[in-house]
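Participant: I have a structure I would like to understand better, so I am pasting it below and will then ask my questions one at a time.
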Amino acid sequence: MKLSIYSIKKVLFEGEANFLNCKTMMGEITVLNNHAELISILTNGVIKVIDKLNSEHFFEIKSGFLEVGKNNTVRCIVE
């Protein structure tokens, strides 16, 4: 999937990823390739990303939004 994670000040991650795990208002969610479309509110916690090279990336956030869109695209806007 094509993943972008943005904060107000900078781009935290932009590229291809195999896995995204984060906490939402409804609970913890894992997004994989070709996930159904979704918009959700992110809550305080850690976003975990596994990129195409199987490297792990961790981003601590306070809040934000998650959008899983068409064409295997995922965007997070976080604080």
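Just remember, in the structure tokens the first chain shown is A, the second B, etc., residues are 1-based per chain, and ligands are 1-based in the order shown.
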Write out as a count of residues only the residues lying within 12 Å of Glu16 (chain A), counting only C-alpha atoms and excluding same-chain residues fewer than 5 positions away.
Facilitator: 18
Participant: Could you please write out, as an MDAnalysis selection string, every residue of chain A that DSSP assigns to strand (DSSP E)?
Facilitator: chainID A and resid 2:7 11:24 27:32 38:42 45:51 56:61 64:69 73:78
Participant: For those residues, write C-alpha atoms to a file as a PDB file, in the first residue's frame.
Facilitator:
```
ATOM      1  CA  LYS A   2       1.079   3.588  -0.484  1.00  0.00           C
ATOM      2  CA  LEU A   3       1.260   5.091   3.007  1.00  0.00           C
ATOM      3  CA  SER A   4       1.671   8.718   4.081  1.00  0.00           C
ATOM      4  CA  ILE A   5       1.876   9.853   7.699  1.00  0.00           C
ATOM      5  CA  TYR A   6       1.873  13.627   8.218  1.00  0.00           C
ATOM      6  CA  SER A   7       2.217  15.771  11.311  1.00  0.00           C
ATOM      7  CA  VAL A  11       6.212  14.236   6.869  1.00  0.00           C
ATOM      8  CA  LEU A  12       6.823  11.304   9.225  1.00  0.00           C
ATOM      9  CA  PHE A  13       6.578   8.528   6.618  1.00  0.00           C
ATOM     10  CA  GLU A  14       5.901   8.409   2.902  1.00  0.00           C
ATOM     11  CA  GLY A  15       6.319   5.263   0.847  1.00  0.00           C
ATOM     12  CA  GLU A  16       5.276   1.664   0.329  1.00  0.00           C
ATOM     13  CA  ALA A  17       4.265  -0.342   3.387  1.00  0.00           C
ATOM     14  CA  ASN A  18       3.015  -3.848   4.086  1.00  0.00           C
ATOM     15  CA  PHE A  19       1.464  -3.193   7.503  1.00  0.00           C
ATOM     16  CA  LEU A  20       0.037  -0.365   9.609  1.00  0.00           C
ATOM     17  CA  ASN A  21      -1.160  -0.822  13.181  1.00  0.00           C
ATOM     18  CA  CYS A  22      -2.732   1.993  15.227  1.00  0.00           C
ATOM     19  CA  LYS A  23      -5.299   2.763  17.926  1.00  0.00           C
ATOM     20  CA  THR A  24      -8.657   4.240  16.940  1.00  0.00           C
ATOM     21  CA  GLY A  27     -10.056  -0.038  19.238  1.00  0.00           C
ATOM     22  CA  GLU A  28      -6.806  -1.217  17.703  1.00  0.00           C
ATOM     23  CA  ILE A  29      -6.731  -1.715  13.928  1.00  0.00           C
ATOM     24  CA  THR A  30      -4.302  -3.289  11.480  1.00  0.00           C
ATOM     25  CA  VAL A  31      -4.371  -2.158   7.860  1.00  0.00           C
ATOM     26  CA  LEU A  32      -2.930  -4.468   5.209  1.00  0.00           C
ATOM     27  CA  LEU A  38     -12.273   3.578   5.954  1.00  0.00           C
ATOM     28  CA  ILE A  39     -12.090   6.883   7.817  1.00  0.00           C
ATOM     29  CA  SER A  40     -11.381   6.790  11.553  1.00  0.00           C
ATOM     30  CA  ILE A  41     -10.208   8.946  14.452  1.00  0.00           C
ATOM     31  CA  LEU A  42      -6.830   7.979  15.898  1.00  0.00           C
ATOM     32  CA  GLY A  45      -0.680   5.620  21.224  1.00  0.00           C
ATOM     33  CA  VAL A  46       1.942   4.325  18.842  1.00  0.00           C
ATOM     34  CA  ILE A  47       1.589   3.781  15.106  1.00  0.00           C
ATOM     35  CA  LYS A  48       3.599   0.802  13.895  1.00  0.00           C
ATOM     36  CA  VAL A  49       4.560   0.530  10.234  1.00  0.00           C
ATOM     37  CA  ILE A  50       6.354  -2.294   8.461  1.00  0.00           C
ATOM     38  CA  ASP A  51       7.714  -1.054   5.134  1.00  0.00           C
ATOM     39  CA  GLU A  56       9.753  -1.455  11.468  1.00  0.00           C
ATOM     40  CA  HIS A  57       8.937   2.214  12.123  1.00  0.00           C
ATOM     41  CA  PHE A  58       7.221   3.553  15.256  1.00  0.00           C
ATOM     42  CA  PHE A  59       5.510   6.941  15.652  1.00  0.00           C
ATOM     43  CA  GLU A  60       4.108   8.117  18.995  1.00  0.00           C
ATOM     44  CA  ILE A  61       0.976  10.223  18.509  1.00  0.00           C
ATOM     45  CA  GLY A  64      -5.247  12.184  14.444  1.00  0.00           C
ATOM     46  CA  PHE A  65      -7.196  10.821  11.504  1.00  0.00           C
ATOM     47  CA  LEU A  66      -6.800   7.694   9.379  1.00  0.00           C
ATOM     48  CA  GLU A  67      -8.067   7.462   5.806  1.00  0.00           C
ATOM     49  CA  VAL A  68      -7.902   4.239   3.820  1.00  0.00           C
ATOM     50  CA  GLY A  69      -8.808   5.184   0.279  1.00  0.00           C
ATOM     51  CA  THR A  73      -3.683   4.362  -0.457  1.00  0.00           C
ATOM     52  CA  VAL A  74      -3.555   5.143   3.262  1.00  0.00           C
ATOM     53  CA  ARG A  75      -3.095   8.558   4.879  1.00  0.00           C
ATOM     54  CA  CYS A  76      -2.677   9.525   8.524  1.00  0.00           C
ATOM     55  CA  ILE A  77      -2.730  13.092   9.781  1.00  0.00           C
ATOM     56  CA  VAL A  78      -1.436  13.088  13.351  1.00  0.00           C
TER      57      VAL A  78
END
```
